[in-house]
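Raw contents of entry.txt, compact mmCIF, C-alpha atoms:
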```
# COMPACT_ATOMS: atom_id res chain seq x y z
CA MET A 1 10.29 34.75 6.14
CA SER A 2 13.41 33.66 8.00
CA PRO A 3 16.76 33.48 6.15
CA GLN A 4 16.45 29.70 6.22
CA GLU A 5 13.07 29.78 4.49
CA THR A 6 14.21 32.21 1.78
CA SER A 7 17.11 29.90 0.89
CA VAL A 8 14.81 27.07 -0.18
CA ARG A 9 14.78 26.77 -3.97
CA ARG A 10 12.17 25.46 -6.38
CA VAL A 11 12.87 21.95 -7.63
CA ALA A 12 12.27 21.41 -11.33
CA ILE A 13 11.31 18.11 -12.91
CA ILE A 14 13.16 18.05 -16.22
CA GLY A 15 12.05 14.69 -17.55
CA GLY A 16 12.02 10.96 -17.04
CA ALA A 17 12.93 7.70 -18.68
CA ARG A 18 11.74 4.20 -18.00
CA ILE A 19 11.74 0.86 -19.69
CA PRO A 20 8.39 -0.69 -20.64
CA PHE A 21 7.03 -2.68 -17.72
CA ALA A 22 6.74 -6.45 -18.26
CA ARG A 23 4.78 -9.19 -16.60
CA SER A 24 6.91 -11.38 -14.36
CA ASP A 25 8.54 -14.44 -15.92
CA GLY A 26 8.21 -12.80 -19.32
CA PRO A 27 10.66 -10.80 -21.48
CA TYR A 28 12.68 -9.64 -18.46
CA ALA A 29 12.78 -12.99 -16.69
CA THR A 30 16.59 -13.03 -16.75
CA ALA A 31 17.11 -9.29 -16.24
CA SER A 32 18.40 -8.13 -12.87
CA ASN A 33 17.38 -5.00 -11.02
CA GLN A 34 20.71 -3.46 -11.96
CA GLN A 35 20.34 -4.26 -15.66
CA MET A 36 16.85 -2.78 -15.82
CA LEU A 37 17.76 0.30 -13.79
CA THR A 38 20.87 0.84 -15.93
CA ALA A 39 18.77 0.72 -19.10
CA ALA A 40 16.37 3.32 -17.73
CA LEU A 41 19.21 5.53 -16.50
CA ASP A 42 21.08 5.31 -19.81
CA GLY A 43 17.91 6.36 -21.61
CA LEU A 44 17.76 9.46 -19.40
CA VAL A 45 21.49 10.20 -19.84
CA GLU A 46 21.26 10.03 -23.62
CA ARG A 47 18.06 12.06 -23.83
CA TYR A 48 19.39 14.95 -21.75
CA GLY A 49 23.09 14.79 -22.56
CA LEU A 50 24.26 13.91 -19.08
CA GLN A 51 27.46 12.12 -20.07
CA GLU A 52 29.92 14.88 -19.17
CA PRO A 53 31.74 14.82 -15.81
CA GLY A 54 29.72 16.31 -12.98
CA ALA A 55 26.53 16.64 -15.01
CA VAL A 56 24.48 15.01 -12.24
CA GLY A 57 25.13 15.70 -8.59
CA GLU A 58 23.69 12.47 -7.21
CA PHE A 59 21.75 9.32 -8.07
CA VAL A 60 19.28 7.87 -5.56
CA ALA A 61 17.24 4.76 -6.25
CA GLY A 62 16.12 1.51 -4.72
CA ALA A 63 14.41 -1.84 -5.04
CA VAL A 64 12.07 -3.78 -2.80
CA LEU A 65 12.99 -7.33 -3.83
CA LYS A 66 16.78 -7.26 -3.57
CA HIS A 67 19.47 -9.92 -3.81
CA SER A 68 22.44 -9.60 -1.49
CA ARG A 69 24.39 -8.54 -4.59
CA ASP A 70 22.12 -5.49 -4.80
CA PHE A 71 23.29 -4.10 -1.45
CA ASN A 72 24.76 -1.08 -3.31
CA LEU A 73 22.33 -1.07 -6.23
CA ALA A 74 22.30 2.65 -7.04
CA ARG A 75 26.08 3.01 -7.03
CA GLU A 76 26.63 -0.17 -9.07
CA THR A 77 24.06 1.08 -11.55
CA VAL A 78 26.00 4.32 -11.97
CA LEU A 79 29.24 2.40 -12.53
CA GLY A 80 27.60 0.31 -15.23
CA SER A 81 25.88 3.23 -16.94
CA LYS A 82 26.85 6.12 -19.23
CA LEU A 83 26.70 8.50 -16.28
CA ASP A 84 29.99 9.90 -14.94
CA PRO A 85 31.41 7.15 -12.65
CA ARG A 86 32.31 9.88 -10.14
CA THR A 87 28.59 10.47 -9.50
CA PRO A 88 27.75 9.54 -5.90
CA ALA A 89 24.75 7.30 -5.32
CA TYR A 90 22.82 5.65 -2.55
CA ASP A 91 19.91 3.26 -2.03
CA ILE A 92 16.54 4.01 -0.48
CA GLN A 93 13.55 1.75 0.21
CA GLN A 94 10.00 2.31 1.39
CA ALA A 95 8.13 -0.55 -0.27
CA CYS A 96 5.86 0.72 -3.07
CA GLY A 97 6.66 4.31 -2.08
CA THR A 98 10.36 3.85 -2.89
CA GLY A 99 10.37 5.63 -6.25
CA LEU A 100 8.53 8.68 -4.91
CA GLN A 101 10.65 8.78 -1.75
CA ALA A 102 13.75 8.71 -3.95
CA VAL A 103 12.41 11.75 -5.81
CA ILE A 104 11.72 13.51 -2.50
CA ALA A 105 15.19 12.73 -1.15
CA ALA A 106 16.85 14.12 -4.28
CA ALA A 107 14.56 17.15 -4.30
CA ASN A 108 15.40 18.05 -0.72
CA LYS A 109 19.10 18.39 -1.52
CA ILE A 110 18.37 20.53 -4.56
CA ALA A 111 15.95 22.70 -2.59
CA LEU A 112 18.58 23.29 0.11
CA GLY A 113 21.32 24.11 -2.41
CA GLN A 114 23.36 21.00 -1.63
CA THR A 115 23.34 19.91 -5.26
CA GLU A 116 22.17 21.38 -8.56
CA SER A 117 20.83 18.23 -10.18
CA ALA A 118 19.98 14.65 -9.30
CA VAL A 119 18.41 11.53 -10.77
CA ALA A 120 15.95 9.46 -8.74
CA GLY A 121 14.27 6.19 -9.50
CA GLY A 122 13.76 2.56 -8.74
CA ALA A 123 13.59 -0.95 -10.14
CA ASP A 124 12.04 -4.24 -9.21
CA THR A 125 11.84 -7.72 -10.66
CA ALA A 126 9.39 -10.33 -9.50
CA SER A 127 11.00 -12.78 -11.95
CA ASP A 128 14.54 -12.67 -10.57
CA ALA A 129 13.37 -12.67 -6.97
CA PRO A 130 15.91 -13.68 -4.32
CA LEU A 131 15.56 -17.14 -2.80
CA GLY A 132 16.68 -17.31 0.81
CA VAL A 133 18.56 -20.23 2.30
CA ASN A 134 16.37 -22.26 4.63
CA ASP A 135 16.93 -20.63 8.01
CA THR A 136 17.72 -23.90 9.77
CA LEU A 137 20.32 -24.70 7.12
CA ARG A 138 21.75 -21.21 7.47
CA ARG A 139 22.23 -21.70 11.20
CA ILE A 140 23.89 -25.07 10.65
CA LEU A 141 26.30 -23.60 8.10
CA LEU A 142 27.17 -20.76 10.45
CA GLN A 143 27.77 -23.27 13.24
CA ALA A 144 30.07 -25.21 10.91
CA ARG A 145 31.96 -22.04 10.02
CA ARG A 146 32.51 -21.22 13.68
CA ALA A 147 33.79 -24.69 14.50
CA THR A 148 37.52 -24.75 15.26
CA SER A 149 38.20 -28.31 14.11
CA LEU A 150 37.35 -30.61 11.22
CA SER A 151 35.41 -32.92 13.53
CA GLY A 152 33.41 -29.96 14.80
CA ARG A 153 32.53 -28.87 11.28
CA LEU A 154 31.52 -32.40 10.30
CA LYS A 155 29.40 -32.73 13.44
CA ALA A 156 27.52 -29.56 12.54
CA LEU A 157 27.06 -30.54 8.89
CA ALA A 158 25.74 -33.95 9.94
CA LYS A 159 22.60 -32.13 11.15
CA VAL A 160 21.61 -31.22 7.57
CA ARG A 161 18.39 -32.90 6.43
CA PRO A 162 16.78 -32.97 2.95
CA SER A 163 14.02 -30.63 4.15
CA HIS A 164 16.66 -28.02 4.92
CA LEU A 165 17.50 -27.75 1.22
CA VAL A 166 14.10 -26.26 0.36
CA PRO A 167 14.68 -22.49 -0.16
CA ASP A 168 12.67 -19.72 1.44
CA ILE A 169 10.67 -18.06 -1.32
CA PRO A 170 9.60 -14.40 -0.88
CA ARG A 171 5.93 -14.06 0.04
CA ASN A 172 3.65 -11.16 -0.76
CA ALA A 173 2.46 -11.07 2.83
CA GLU A 174 2.72 -8.71 5.76
CA PRO A 175 4.95 -10.18 8.47
CA ARG A 176 2.69 -8.80 11.22
CA THR A 177 -0.52 -10.35 9.90
CA GLY A 178 0.46 -13.09 7.47
CA LEU A 179 -2.08 -11.69 5.00
CA SER A 180 -1.19 -10.82 1.43
CA MET A 181 -1.67 -7.28 0.20
CA GLY A 182 -4.63 -8.49 -1.84
CA GLU A 183 -6.29 -10.03 1.19
CA HIS A 184 -5.77 -6.82 3.14
CA ALA A 185 -7.29 -4.85 0.26
CA ALA A 186 -10.28 -7.19 0.23
CA VAL A 187 -10.95 -6.39 3.90
CA THR A 188 -10.81 -2.66 3.10
CA ALA A 189 -13.08 -3.10 0.08
CA ARG A 190 -15.74 -4.72 2.26
CA ALA A 191 -15.39 -2.03 4.92
CA TRP A 192 -15.97 0.76 2.40
CA GLY A 193 -18.61 -1.11 0.40
CA ILE A 194 -16.61 -1.10 -2.83
CA GLY A 195 -18.48 -3.15 -5.43
CA ARG A 196 -17.22 -5.32 -8.28
CA GLU A 197 -18.65 -3.24 -11.14
CA ALA A 198 -17.03 -0.02 -9.92
CA GLN A 199 -13.67 -1.78 -9.68
CA ASP A 200 -13.95 -3.22 -13.18
CA GLU A 201 -14.96 0.17 -14.57
CA LEU A 202 -11.84 1.76 -13.11
CA ALA A 203 -9.62 -1.06 -14.39
CA ALA A 204 -11.05 -0.89 -17.91
CA ALA A 205 -10.58 2.88 -17.97
CA SER A 206 -6.95 2.48 -16.91
CA HIS A 207 -6.18 0.24 -19.88
CA GLN A 208 -8.15 2.35 -22.35
CA ARG A 209 -6.49 5.58 -21.21
CA LEU A 210 -2.98 4.12 -21.25
CA ALA A 211 -3.57 2.83 -24.78
CA ALA A 212 -4.80 6.26 -25.88
CA ALA A 213 -1.78 7.93 -24.27
CA TYR A 214 0.59 5.69 -26.22
CA GLU A 215 -1.30 6.35 -29.45
CA ARG A 216 -1.01 10.13 -29.10
CA GLY A 217 2.71 9.92 -28.31
CA LEU A 218 2.68 10.87 -24.62
CA PHE A 219 5.40 8.35 -23.83
CA GLN A 220 7.61 9.08 -26.83
CA ASP A 221 10.27 10.71 -24.66
CA LEU A 222 9.46 8.83 -21.45
CA VAL A 223 9.80 5.15 -22.45
CA VAL A 224 12.93 3.52 -23.88
CA PRO A 225 12.69 0.06 -25.53
CA PHE A 226 14.25 -2.84 -23.66
CA ARG A 227 14.59 -6.51 -24.56
CA GLY A 228 12.11 -6.36 -27.41
CA LEU A 229 9.42 -4.36 -25.62
CA ALA A 230 8.39 -0.86 -26.68
CA ARG A 231 5.15 -0.69 -24.67
CA ASP A 232 4.02 -1.97 -21.30
CA GLN A 233 3.31 -5.65 -21.71
CA ASN A 234 0.35 -5.70 -19.35
CA LEU A 235 -1.57 -3.18 -21.46
CA ARG A 236 -4.85 -4.54 -22.85
CA PRO A 237 -6.31 -1.84 -25.13
CA GLY A 238 -9.48 -3.85 -25.64
CA SER A 239 -10.32 -4.10 -21.96
CA THR A 240 -13.99 -3.56 -21.17
CA VAL A 241 -16.15 -3.91 -18.09
CA GLU A 242 -17.88 -6.86 -19.76
CA LYS A 243 -14.61 -8.74 -20.32
CA LEU A 244 -13.38 -8.03 -16.81
CA ALA A 245 -16.70 -9.18 -15.36
CA ALA A 246 -15.99 -12.69 -16.66
CA LEU A 247 -12.93 -13.12 -14.42
CA LYS A 248 -13.17 -15.08 -11.20
CA PRO A 249 -12.35 -13.41 -7.86
CA VAL A 250 -8.94 -14.22 -6.41
CA PHE A 251 -8.96 -12.29 -3.10
CA GLY A 252 -11.44 -12.26 -0.24
CA LEU A 253 -12.70 -15.74 -1.03
CA ASP A 254 -13.34 -16.43 2.64
CA HIS A 255 -16.34 -14.07 2.55
CA PRO A 256 -19.51 -14.02 0.43
CA ASP A 257 -19.50 -12.12 -2.86
CA PRO A 258 -15.75 -11.47 -3.30
CA THR A 259 -15.05 -8.67 -5.77
CA MET A 260 -11.30 -8.57 -6.41
CA THR A 261 -9.95 -10.32 -9.51
CA ALA A 262 -6.70 -10.51 -11.43
CA GLY A 263 -8.21 -7.92 -13.77
CA ASN A 264 -8.84 -5.24 -11.16
CA SER A 265 -5.58 -5.93 -9.30
CA THR A 266 -2.04 -5.22 -10.45
CA PRO A 267 0.00 -8.18 -11.71
CA LEU A 268 3.52 -9.08 -10.58
CA THR A 269 5.73 -6.93 -12.77
CA ASP A 270 9.36 -6.25 -13.75
CA GLY A 271 10.63 -2.79 -14.67
CA ALA A 272 12.61 0.35 -13.83
CA ALA A 273 12.07 4.11 -14.00
CA THR A 274 14.10 7.29 -13.47
CA VAL A 275 13.44 11.03 -13.11
CA LEU A 276 15.78 13.99 -13.67
CA LEU A 277 15.42 16.83 -11.14
CA ALA A 278 17.33 20.10 -10.98
CA SER A 279 17.47 23.68 -9.83
CA GLU A 280 16.04 26.29 -12.15
CA GLU A 281 19.54 27.69 -12.70
CA TRP A 282 20.90 24.31 -13.79
CA ALA A 283 18.04 23.87 -16.24
CA ARG A 284 18.40 27.40 -17.61
CA GLU A 285 22.14 27.00 -18.21
CA ARG A 286 21.46 23.91 -20.33
CA GLY A 287 18.49 25.33 -22.18
CA LEU A 288 16.10 22.79 -20.68
CA GLU A 289 12.48 23.70 -20.00
CA PRO A 290 11.15 22.17 -16.76
CA LEU A 291 8.03 20.09 -17.20
CA ALA A 292 6.79 20.95 -13.71
CA TYR A 293 7.94 21.67 -10.16
CA LEU A 294 7.77 19.49 -7.07
CA THR A 295 6.27 21.80 -4.44
CA ALA A 296 5.06 19.67 -1.52
CA TYR A 297 5.16 16.14 -0.16
CA GLU A 298 3.89 14.21 2.82
CA THR A 299 4.12 10.70 4.25
CA ALA A 300 1.84 8.88 6.67
CA ALA A 301 1.32 5.47 8.24
CA VAL A 302 -1.63 3.60 9.73
CA ASP A 303 -1.92 0.95 12.42
CA PHE A 304 -3.10 -1.89 10.21
CA VAL A 305 -2.43 -4.43 12.97
CA GLY A 306 -4.27 -3.05 15.99
CA GLY A 307 -6.16 -0.11 14.52
CA ASP A 308 -9.62 0.22 12.99
CA VAL A 309 -9.06 -2.24 10.15
CA ALA A 310 -12.57 -3.70 10.01
CA GLY A 311 -14.01 -0.19 9.83
CA GLY A 312 -11.69 0.71 6.96
CA GLU A 313 -9.93 3.59 8.68
CA ASP A 314 -6.64 1.74 9.18
CA GLY A 315 -6.60 -0.59 6.19
CA LEU A 316 -3.14 -1.60 5.01
CA LEU A 317 -3.26 0.70 1.98
CA MET A 318 -5.16 3.63 3.50
CA ALA A 319 -2.29 5.85 4.69
CA PRO A 320 -2.78 8.34 1.78
CA ALA A 321 -6.20 9.06 3.30
CA TYR A 322 -4.25 10.75 6.12
CA ALA A 323 -1.21 12.06 4.23
CA VAL A 324 -3.15 13.99 1.59
CA PRO A 325 -5.37 15.99 3.99
CA ARG A 326 -2.30 17.02 6.00
CA MET A 327 -0.41 18.03 2.88
CA LEU A 328 -3.32 20.01 1.45
CA GLU A 329 -3.89 21.81 4.73
CA ARG A 330 -0.24 22.82 4.88
CA ALA A 331 -0.32 23.99 1.26
CA GLY A 332 -3.64 25.81 1.68
CA LEU A 333 -5.23 23.81 -1.14
CA GLY A 334 -8.25 21.59 -1.74
CA LEU A 335 -8.89 18.77 -4.19
CA SER A 336 -10.70 21.23 -6.45
CA ASP A 337 -7.41 23.09 -6.94
CA PHE A 338 -5.92 20.16 -8.89
CA GLU A 339 -6.38 19.72 -12.61
CA LEU A 340 -4.91 16.20 -12.45
CA VAL A 341 -4.91 13.52 -9.75
CA GLU A 342 -2.68 10.45 -9.89
CA ILE A 343 -3.51 7.61 -7.49
CA HIS A 344 -1.33 4.52 -7.72
CA GLU A 345 -3.61 1.64 -8.67
CA ALA A 346 -2.35 -1.20 -6.52
CA PHE A 347 -5.94 -2.42 -6.66
CA ALA A 348 -9.03 -0.77 -8.09
CA SER A 349 -10.74 -1.24 -4.74
CA GLN A 350 -7.92 0.62 -2.95
CA VAL A 351 -8.24 3.61 -5.29
CA LEU A 352 -11.99 3.76 -4.72
CA ALA A 353 -11.59 3.40 -0.95
CA THR A 354 -9.05 6.24 -0.93
CA LEU A 355 -11.44 8.50 -2.85
CA ALA A 356 -14.24 7.62 -0.42
CA ALA A 357 -12.00 8.37 2.57
CA TRP A 358 -11.00 11.76 1.17
CA GLU A 359 -14.64 12.61 0.69
CA LYS A 360 -15.47 11.46 4.23
CA ARG A 361 -12.71 13.73 5.54
CA GLY A 362 -14.30 16.71 3.84
CA LEU A 363 -11.94 17.03 0.86
CA GLY A 364 -14.72 16.66 -1.67
CA THR A 365 -14.88 14.43 -4.72
CA VAL A 366 -12.44 13.88 -7.56
CA ASP A 367 -13.85 14.24 -11.06
CA ARG A 368 -13.02 10.98 -12.86
CA ASP A 369 -11.99 13.00 -15.91
CA ARG A 370 -9.06 14.28 -13.82
CA LEU A 371 -8.11 10.90 -12.30
CA ASN A 372 -5.28 8.85 -13.84
CA VAL A 373 -5.95 10.36 -17.24
CA ALA A 374 -3.17 8.38 -18.93
CA GLY A 375 -3.89 5.13 -17.11
CA SER A 376 -1.94 3.85 -14.15
CA SER A 377 -0.68 0.71 -12.44
CA LEU A 378 -3.60 -1.55 -13.34
CA ALA A 379 -2.61 -1.10 -16.98
CA THR A 380 1.14 -0.47 -16.81
CA GLY A 381 1.87 -3.02 -14.12
CA HIS A 382 3.62 -2.29 -10.85
CA PRO A 383 7.36 -2.98 -10.36
CA PHE A 384 7.24 -1.88 -6.73
CA ALA A 385 10.13 0.59 -6.46
CA ALA A 386 9.70 1.92 -10.01
CA THR A 387 6.08 3.04 -9.77
CA GLY A 388 6.65 6.35 -7.95
CA ALA A 389 9.20 7.54 -10.51
CA ARG A 390 6.89 6.46 -13.35
CA ILE A 391 4.04 8.50 -11.91
CA VAL A 392 6.16 11.61 -11.28
CA ALA A 393 7.53 11.66 -14.84
CA THR A 394 4.13 10.94 -16.40
CA LEU A 395 2.31 13.58 -14.37
CA ALA A 396 4.99 16.17 -15.11
CA ARG A 397 4.62 15.48 -18.83
CA LEU A 398 0.82 15.71 -18.59
CA LEU A 399 1.08 19.07 -16.82
CA ALA A 400 3.52 20.36 -19.43
CA GLU A 401 1.08 19.39 -22.18
CA ARG A 402 -1.50 21.78 -20.80
CA ASP A 403 0.73 24.79 -21.53
CA ALA A 404 -0.95 26.69 -18.70
CA PRO A 405 -0.63 26.90 -14.91
CA ALA A 406 -1.85 23.66 -13.39
CA ARG A 407 -1.40 21.39 -10.40
CA GLY A 408 -1.20 17.63 -10.04
CA LEU A 409 -1.65 15.46 -6.96
CA ILE A 410 0.19 12.16 -6.42
CA SER A 411 -0.94 9.48 -3.96
CA VAL A 412 0.99 6.24 -3.48
CA CYS A 413 0.08 3.54 -0.95
CA ALA A 414 2.75 1.16 0.29
CA ALA A 415 3.20 -2.08 2.20
CA GLY A 416 3.58 -1.76 5.94
CA GLY A 417 0.59 0.56 6.13
CA GLN A 418 2.41 3.55 4.66
CA GLY A 419 1.65 6.26 2.12
CA VAL A 420 3.71 8.78 0.17
CA THR A 421 2.07 11.79 -1.50
CA ALA A 422 3.24 14.85 -3.41
CA ILE A 423 2.17 17.93 -5.35
CA LEU A 424 3.51 18.94 -8.77
CA GLU A 425 2.87 22.36 -10.27
CA ARG A 426 3.25 23.85 -13.72
CA ALA A 427 3.90 27.57 -13.33
```

In structure tokens, write the structure found in this file.
Amino acid sequence: MSPQETSVRRVAIIGGARIPFARSDGPYATASNQQMLTAALDGLVERYGLQEPGAVGEFVAGAVLKHSRDFNLARETVLGSKLDPRTPAYDIQQACGTGLQAVIAAANKIALGQTESAVAGGADTASDAPLGVNDTLRRILLQARRATSLSGRLKALAKVRPSHLVPDIPRNAEPRTGLSMGEHAAVTARAWGIGREAQDELAAASHQRLAAAYERGLFQDLVVPFRGLARDQNLRPGSTVEKLAALKPVFGLDHPDPTMTAGNSTPLTDGAATVLLASEEWARERGLEPLAYLTAYETAAVDFVGGDVAGGEDGLLMAPAYAVPRMLERAGLGLSDFELVEIHEAFASQVLATLAAWEKRGLGTVDRDRLNVAGSSLATGHPFAATGARIVATLARLLAERDAPARGLISVCAAGGQGVTAILERA
């Protein structure tokens, strides 16, 4: 090994804290990204005694749906939290991969010895979504501001029409295609032949497993109550394939036999999550036992505009089908080397298509008893930037429960045809 390679340190995952995830326009309807992220961060600070000066080297987090006031979200969150106000912070954003990319960014600095500890995370609210000024109105107002006389300003403002007062509302659609994420997923589902029953089975299992995980106390030190919620609001413990089968399809309605419903797709969700990472030395000095170690990560992107979309190879949410094989090859591992596999459940069809693509690429199959064993996004909900941090903390806790060497795989798809993946290990 070169001197540079020998200087890379192991990155320990110490723990995590998140608030329960809530359906949009529900309990968190008036909560901002900063308020939710602060609540999650404060839960982590209190749990691990991080109040003293310099306890954390850096805080990195982000949000996908951001107001202009959130331009410095991570730093403002620190200033409003119980963390030392001298803690530097910065924002990061990669759509639904934001939370995991925040973890990777923090881990890289720890691995290179640039800091001893860091907190990573993310927050998103679909309830308090930003409303943009109508673009025509915006241009008129800017023209009025640039005018050098009162008559010039009045002339510009005289162009305002009632239609200009209608705000621009954020759309869950890809700018390049105009299709929503659900419609893109429906195209991929047809390409891979993903049926309705298989999707409903996966969705029902997600709810049942999340409910069981809460009952056995898995989230006792991972979830902090917020605004009257102690559990994820979207959780339906009584979900069954039969109940889900009664729901009407909501995506892919322009083709025969649509299969995607509100039950096998994630709902719009509000929430926040954080993860504490550190060097082994930092953890040892504080008497903290790492839950697991972050040992590898990989990102990928697909051409969902001009690529093989109809054939399924370049579907919007299929980038993990490329990222995972590359990561496993670099690590010298196969799917059979993982005791646990966590695939973000944006849609049940997307999870099943990803599994099929891995198998097509020669990675083998994933035993369903190892897949999302504590439920995932279909049951918890999916506040875009928070999901990656939720998965990292949950998987680390699951690995620690095993009290034996084990590995876990993380796969997160993201808007824009991107994917973020990682490997956690319990030594």

- Query: Quick one: residues within 6 Å of stretch 50-66 of chain A, only C-alpha atoms counted, chain neighbours fewer than 3 positions away excluded, as a list of chain:residue names?
  - Reply: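 Once the nearby chain positions are removed, what remains is A:Val45, A:Asp70, A:Ala74, A:Leu83, A:Asp84, A:Thr87, A:Pro88, A:Ala89, A:Tyr90, A:Asp91, A:Ile92, A:Gln93, A:Ala95, A:Ala102, A:Thr115, A:Ser117, A:Ala118, A:Val119, A:Ala120, A:Gly121, A:Gly122, A:Ala123, A:Asp124, A:Ala385.
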
- May I ask for the distance between atom CA of A:Leu210 and atom CA of A:Ser81, given in Å to one decimal place?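 These two atoms are separated by 29.2 Å.
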
- Using all atoms listed in the file, which residue out of A:Gly217, A:Gly334, A:Gly307, A:Gly182 lies closest to A:Ala262?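 Selected residue with least distance to A:Ala262: A:Gly182.
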
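From atom CA of A:Ala272 back to atom CA of A:Arg368, the distance works out to 27.8 Å.
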
- Atom-to-atom span, atom CA of A:Thr295 and atom CA of A:Ile423, Å: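 Computed distance, atom CA of A:Thr295 to atom CA of A:Ile423, equals 5.7 Å.
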
- Message: Neighbouring residues of A:Gly271 were defined as those with any atom within 9 Å, considering only C-alpha atoms; residues of the same chain fewer than 3 positions away were excluded. Please report them as a PyMOL selection string.
- Response: chain A and resi 18-23+28+33+36-37+40+122-125+381-387

- Write out as JSON, numbers by chain which residues come within 10 Å of stretch 284-294 of chain A when counting all atoms listed in the file, dropping same-chain ones fewer than 3 positions away. {"A": [10, 11, 12, 13, 14, 15, 16, 48, 49, 103, 104, 107, 111, 276, 277, 278, 279, 280, 281, 297, 392, 393, 394, 395, 396, 397, 398, 399, 400, 401, 403, 405, 406, 407, 408, 422, 423, 424, 425, 426, 427]}

With 8 Å as the cut-off and only C-alpha atoms counted, what is the closest atom pair between each nearby residue of stretch 141-211 of chain A and stretch 233-245 of chain A? Distances in Å to one decimal, ordered by chain and number, as CSV.
```
residue,atom,partner,partner_atom,distance
A:Glu197,CA,A:Val241,CA,7.4
A:Asp200,CA,A:Val241,CA,5.4
A:Glu201,CA,A:Val241,CA,5.5
A:Ala204,CA,A:Thr240,CA,5.1
A:Ala205,CA,A:Thr240,CA,8.0
A:His207,CA,A:Pro237,CA,5.6
A:Gln208,CA,A:Pro237,CA,5.4
A:Leu210,CA,A:Leu235,CA,7.4
A:Ala211,CA,A:Pro237,CA,5.4
```

- Which is closer to A:Gln199 than all the others in A:Glu174, A:Glu215, A:Glu345, A:Glu116, using all atoms listed in the file?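 Smallest distance to A:Gln199 is found for A:Glu345.
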
- Message: Could you check the closest approach to A:Arg196 for each of A:Phe338, A:Phe251, A:Phe219, A:Trp282 and tell me which residue wins, using all atoms listed in the file?
- Response: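 Among the listed residues, the smallest separation from A:Arg196 belongs to A:Phe251.
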